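Here the structure is laid out as structure tokens; the discussion comes afterwards.
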Amino acid sequence: MAAPELLTALLNAPGPSGHEEEPARIWREAASQFAEVTSDTMGSSFARVRAEQGAPTLALMGHIDEIGIAVTNIEESGLLSFTPVGGISPEMLMGQRFELMTRNGRIPAAVARKRIPPESIRDRPRPELSDLHLDIGAKDRAEAETLVRVGDAGVWFGPPVDLPNGRLLAKALDNRLGAYIALEAARRIAESRQAQVDVVAVAAVQEEIGLYGARTAAYGLDPQVALAIDVTPATDVPGGDARRAGRIELGMGAMIARGPTLNKHVTDLLGEAAEAEGIPYAWEVYSRTTSTDADEIHLVRAGIPTGLISIPTRYLHSPTEMCALEDLESIVRLIVAFANRLTRERSFVR
């Protein structure tokens, strides 16, 4: 099983928070084949599949930004100081290749650690951000300034890789997977013409730095119900703990979240749809917030009934995130089944 062509294109497109233009363009071009496509001033993209006039709206929210870095200073040596954009630990950065998005196009860069005397390295086995710098091969500051500017952003460099057993290895699975699933579900809903609700797929921006795109997108759409689609840490790795939120394993299917901020009627309907359609799924448990776009969506306006579906993913916030493609298919099928069960009369009032 190989990754879908659209997903591969999204994964190859650099788009850290605040710089999502390239993956958003690819997403909107694909959406224009079957939906009404718009965007907003934040950069979030919308693909609306209409039902009958006056139909309520179901929003499918997957954020399209990824974590990255940004240049903060150009040293006299031509080396660059930088800061993370989103949550990246320093040890995950050291020794990695990046590409910077500049006015001159993409510039390759390497992250390196300042030299520490061998006798001192035992005292600092883990690097700190202040120990790291970017090297773009410039001989001095003057040359570096012709290539990059302070504020230029970058992402890990490396193409997606199809692995055995239908597994996919790539950067930015968090959360190009969600943006892809939202659009693919909307496409199938448009194709079947069975839904009684308007379905709007959303590629939201700036999730990794504060869930900002989802907040404004949900306010503008004011949907009757919404589903957030994101990744979740798999427990089938060393150190994984099923006691935290339940068993979360590659190949288990759609992870349907249960928790106090998620609408019970939405969650129950997702479970009923999965059971009725024979779709692989499991429950994931949250006791407070979810650290996904669902946290913002459910608070917008007078409150939007919100559910959360997640893809089990290994090695999150690294250049080697991994998922099972069969789980993507399970989630797409579940969203379609959920949408087809919605009617004008459906109430999510608690």
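So you can find residues: chains in the structure tokens are A, B, ... in the order shown, residues in each start at 1, and ligands are numbered from 1 in order.
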
- [ ] May I have the residues within 10 Å of A:Asp295 as a PyMOL selection string, using only C-alpha atoms and disregarding those fewer than 5 positions away in the same chain?
- [x] chain A and resi 211+214-215+228+261-262+288-290+300+306+308

Export N, CA and C atoms of the chosen residues as a PDB file, in the first residue's frame?
ATOM      1  N   LEU A 211      -3.469  26.949  18.247  1.00  0.00           N
ATOM      2  CA  LEU A 211      -4.814  26.577  17.778  1.00  0.00           C
ATOM      3  C   LEU A 211      -5.552  27.766  17.165  1.00  0.00           C
ATOM      4  N   ALA A 214      -8.072  27.409  13.828  1.00  0.00           N
ATOM      5  CA  ALA A 214      -9.334  26.726  14.122  1.00  0.00           C
ATOM      6  C   ALA A 214     -10.324  27.667  14.795  1.00  0.00           C
ATOM      7  N   ARG A 215      -9.796  28.534  15.678  1.00  0.00           N
ATOM      8  CA  ARG A 215     -10.684  29.462  16.391  1.00  0.00           C
ATOM      9  C   ARG A 215     -11.400  30.390  15.423  1.00  0.00           C
ATOM     10  N   ALA A 228     -12.889  17.482  14.767  1.00  0.00           N
ATOM     11  CA  ALA A 228     -11.468  17.766  14.630  1.00  0.00           C
ATOM     12  C   ALA A 228     -10.757  16.453  14.310  1.00  0.00           C
ATOM     13  N   THR A 261     -14.736  17.777  27.397  1.00  0.00           N
ATOM     14  CA  THR A 261     -14.897  18.897  26.458  1.00  0.00           C
ATOM     15  C   THR A 261     -15.501  18.455  25.132  1.00  0.00           C
ATOM     16  N   LEU A 262     -15.712  17.157  24.969  1.00  0.00           N
ATOM     17  CA  LEU A 262     -16.236  16.619  23.710  1.00  0.00           C
ATOM     18  C   LEU A 262     -17.710  16.261  23.879  1.00  0.00           C
ATOM     19  N   ARG A 288      -9.211  16.260  30.558  1.00  0.00           N
ATOM     20  CA  ARG A 288      -9.377  17.707  30.493  1.00  0.00           C
ATOM     21  C   ARG A 288      -9.358  18.118  29.025  1.00  0.00           C
ATOM     22  N   THR A 289      -8.399  18.962  28.647  1.00  0.00           N
ATOM     23  CA  THR A 289      -8.302  19.380  27.251  1.00  0.00           C
ATOM     24  C   THR A 289      -7.568  18.320  26.435  1.00  0.00           C
ATOM     25  N   THR A 290      -7.605  18.492  25.090  1.00  0.00           N
ATOM     26  CA  THR A 290      -7.039  17.488  24.184  1.00  0.00           C
ATOM     27  C   THR A 290      -5.769  17.944  23.493  1.00  0.00           C
ATOM     28  N   VAL A 300     -16.273  28.151  20.694  1.00  0.00           N
ATOM     29  CA  VAL A 300     -16.590  29.273  19.807  1.00  0.00           C
ATOM     30  C   VAL A 300     -18.072  29.637  19.910  1.00  0.00           C
ATOM     31  N   THR A 306     -18.691  19.261  19.372  1.00  0.00           N
ATOM     32  CA  THR A 306     -17.440  18.879  18.720  1.00  0.00           C
ATOM     33  C   THR A 306     -17.036  17.462  19.100  1.00  0.00           C
ATOM     34  N   LEU A 308     -13.731  14.468  18.272  1.00  0.00           N
ATOM     35  CA  LEU A 308     -12.313  14.376  17.914  1.00  0.00           C
ATOM     36  C   LEU A 308     -11.998  12.953  17.473  1.00  0.00           C
TER      37      LEU A 308
END

Open item on the list: Env of A:Ser45: 8 Å cut, atoms = only C-alpha atoms, seq-sep filter 4 positions within chain, self excluded. Answer as JSON, numbers by chain.
Closed with: {"A": [24, 28, 37, 38, 39, 40, 202, 203, 204]}

Task: DSSP helix (DSSP H, G or I) selection over stretch 87-133 of chain A, as a VMD selection string - done: chain A and resid 90 to 93 121 to 123 129 to 131

Open item on the list: Here is a test: counting only C-alpha atoms, which residue of A:Thr235, A:Met92, A:Val199, A:Thr267 is nearest to A:Arg48?
Closed with: A:Val199

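All residues of protein, DNA or RNA that reach within 6 Å of stretch 70-80 of chain A, judged by only C-alpha atoms and not counting those fewer than 4 positions away in the chain, are His133, Leu134, Asp135, Ala138, Lys139, Asp140, Arg141, Ala144, Val150, Gly151, Asp152 and Ala153 of chain A.
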
Task: Near-stretch 57-64 of chain A list (6 Å; only C-alpha atoms; drop same-chain fewer than 5 positions) as a ChimeraX atom specification - done: /A:175-176,178-179,182,197-205,223-229

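Of note, atom CA of A:Arg187 and atom CA of A:Ala217 are spaced 19.8 Å apart.
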
- [ ] Point out the residue among A:Leu221, A:Leu270, A:Ala302, A:Leu328 with the least atom-to-atom distance to A:Met252, counting only C-alpha atoms.
- [x] A:Leu328

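Among the candidates A:Leu100, A:Thr292, A:Ala186, A:Gly105, the residue lying nearest to A:Ala51 is A:Ala186 (atoms considered: only C-alpha atoms).
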
Task: Atomic separation - atom CA of A:Ile181 relative to atom CA of A:Arg346, Å - done: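 Interatomic distance here is 24.0 Å.
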
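Taking atom CA of A:Leu183 and atom CA of A:Val332 as the two end points, the separation is 9.2 Å.
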
Open item on the list: Which residues are near A:Pro84? Cut-off 8 Å, only C-alpha atoms, ignore same chain within fewer than 6 positions. Put them as a PyMOL selection string.
Closed with: chain A and resi 67-70

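Minimum atom-to-atom distance to A:Glu284, evaluated using only C-alpha atoms, belongs to A:Ala242 out of A:Leu6, A:Leu169, A:Val148, A:Ala242.
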
Open item on the list: My list of candidates is A:Ala9, A:Ala3, A:Ile309, A:Val111. Which is closest to A:Leu132 when distances are computed with only C-alpha atoms?
Closed with: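 Among A:Ala9, A:Ala3, A:Ile309, A:Val111, it is A:Val111 that comes nearest to A:Leu132.
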
Excluding A:Pro312 and its own-chain neighbours fewer than 3 positions away, which residues fall within 7 Å of it when counting only C-alpha atoms? Please give them as a PDB file with N, CA and C atoms, in the first residue's frame.
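Result written to around_26.pdb:
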ATOM      1  N   VAL A 231      -3.526  13.811  14.905  1.00  0.00           N
ATOM      2  CA  VAL A 231      -2.755  12.633  15.277  1.00  0.00           C
ATOM      3  C   VAL A 231      -2.744  12.489  16.798  1.00  0.00           C
ATOM      4  N   THR A 232      -2.386  11.300  17.264  1.00  0.00           N
ATOM      5  CA  THR A 232      -2.272  11.064  18.697  1.00  0.00           C
ATOM      6  C   THR A 232      -1.117  10.108  18.947  1.00  0.00           C
ATOM      7  N   PRO A 233      -0.378  10.249  20.051  1.00  0.00           N
ATOM      8  CA  PRO A 233       0.802   9.415  20.275  1.00  0.00           C
ATOM      9  C   PRO A 233       0.445   7.938  20.437  1.00  0.00           C
ATOM     10  N   ALA A 234       1.082   7.095  19.644  1.00  0.00           N
ATOM     11  CA  ALA A 234       0.858   5.650  19.741  1.00  0.00           C
ATOM     12  C   ALA A 234       1.503   5.096  21.000  1.00  0.00           C
ATOM     13  N   ILE A 248      -3.436   2.689  22.069  1.00  0.00           N
ATOM     14  CA  ILE A 248      -3.417   3.473  20.825  1.00  0.00           C
ATOM     15  C   ILE A 248      -2.320   2.871  19.966  1.00  0.00           C
ATOM     16  N   GLU A 249      -2.700   2.047  19.001  1.00  0.00           N
ATOM     17  CA  GLU A 249      -1.724   1.287  18.234  1.00  0.00           C
ATOM     18  C   GLU A 249      -1.946   1.450  16.742  1.00  0.00           C
ATOM     19  N   LEU A 250      -0.840   1.440  15.991  1.00  0.00           N
ATOM     20  CA  LEU A 250      -0.949   1.502  14.544  1.00  0.00           C
ATOM     21  C   LEU A 250      -1.787   0.323  14.044  1.00  0.00           C
ATOM     22  N   CYS A 323       2.849   6.310  10.641  1.00  0.00           N
ATOM     23  CA  CYS A 323       1.449   5.922  10.780  1.00  0.00           C
ATOM     24  C   CYS A 323       1.171   4.708   9.913  1.00  0.00           C
TER      25      CYS A 323
END

Open item on the list: Between A:Leu325, A:Ile297, A:Leu147, A:Ala273, which residue has the minimum interatomic distance to A:Ala339, considering only C-alpha atoms?
Closed with: A:Ala273

Task: Sel. of strand (DSSP E or B) residues, stretch 154-299 of chain A, as a PyMOL selection string - done: chain A and resi 154-156+161-163+167-170+198-204+225-233+254-258+281-285

Counting only C-alpha atoms, what is within 6 Å of A:Ala254, bar same-chain residues fewer than 5 positions away, as a PDB file with all heavy atoms, in the first residue's frame?
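Final output, result22.pdb:
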ATOM      1  N   TYR A 281     -12.145   0.761  15.063  1.00  0.00           N
ATOM      2  CA  TYR A 281     -12.019   1.953  15.901  1.00  0.00           C
ATOM      3  C   TYR A 281     -11.668   1.529  17.319  1.00  0.00           C
ATOM      4  O   TYR A 281     -11.759   0.352  17.693  1.00  0.00           O
ATOM      5  CB  TYR A 281     -13.318   2.767  15.905  1.00  0.00           C
ATOM      6  CG  TYR A 281     -14.390   2.211  16.808  1.00  0.00           C
ATOM      7  CD1 TYR A 281     -14.618   2.756  18.074  1.00  0.00           C
ATOM      8  CD2 TYR A 281     -15.174   1.122  16.426  1.00  0.00           C
ATOM      9  CE1 TYR A 281     -15.593   2.251  18.920  1.00  0.00           C
ATOM     10  CE2 TYR A 281     -16.151   0.608  17.257  1.00  0.00           C
ATOM     11  CZ  TYR A 281     -16.355   1.172  18.499  1.00  0.00           C
ATOM     12  OH  TYR A 281     -17.319   0.658  19.345  1.00  0.00           O
ATOM     13  N   SER A 330      -9.855   4.023   7.529  1.00  0.00           N
ATOM     14  CA  SER A 330     -10.896   3.813   8.536  1.00  0.00           C
ATOM     15  C   SER A 330     -11.527   5.137   8.956  1.00  0.00           C
ATOM     16  O   SER A 330     -12.756   5.237   9.104  1.00  0.00           O
ATOM     17  CB  SER A 330     -10.307   3.111   9.761  1.00  0.00           C
ATOM     18  OG  SER A 330      -9.868   1.816   9.450  1.00  0.00           O
ATOM     19  N   ILE A 331     -10.706   6.160   9.130  1.00  0.00           N
ATOM     20  CA  ILE A 331     -11.232   7.452   9.578  1.00  0.00           C
ATOM     21  C   ILE A 331     -12.052   8.125   8.483  1.00  0.00           C
ATOM     22  O   ILE A 331     -13.109   8.708   8.752  1.00  0.00           O
ATOM     23  CB  ILE A 331     -10.083   8.354  10.059  1.00  0.00           C
ATOM     24  CG1 ILE A 331      -9.416   7.724  11.288  1.00  0.00           C
ATOM     25  CG2 ILE A 331     -10.585   9.757  10.390  1.00  0.00           C
ATOM     26  CD1 ILE A 331      -8.174   8.432  11.764  1.00  0.00           C
TER      27      ILE A 331
END
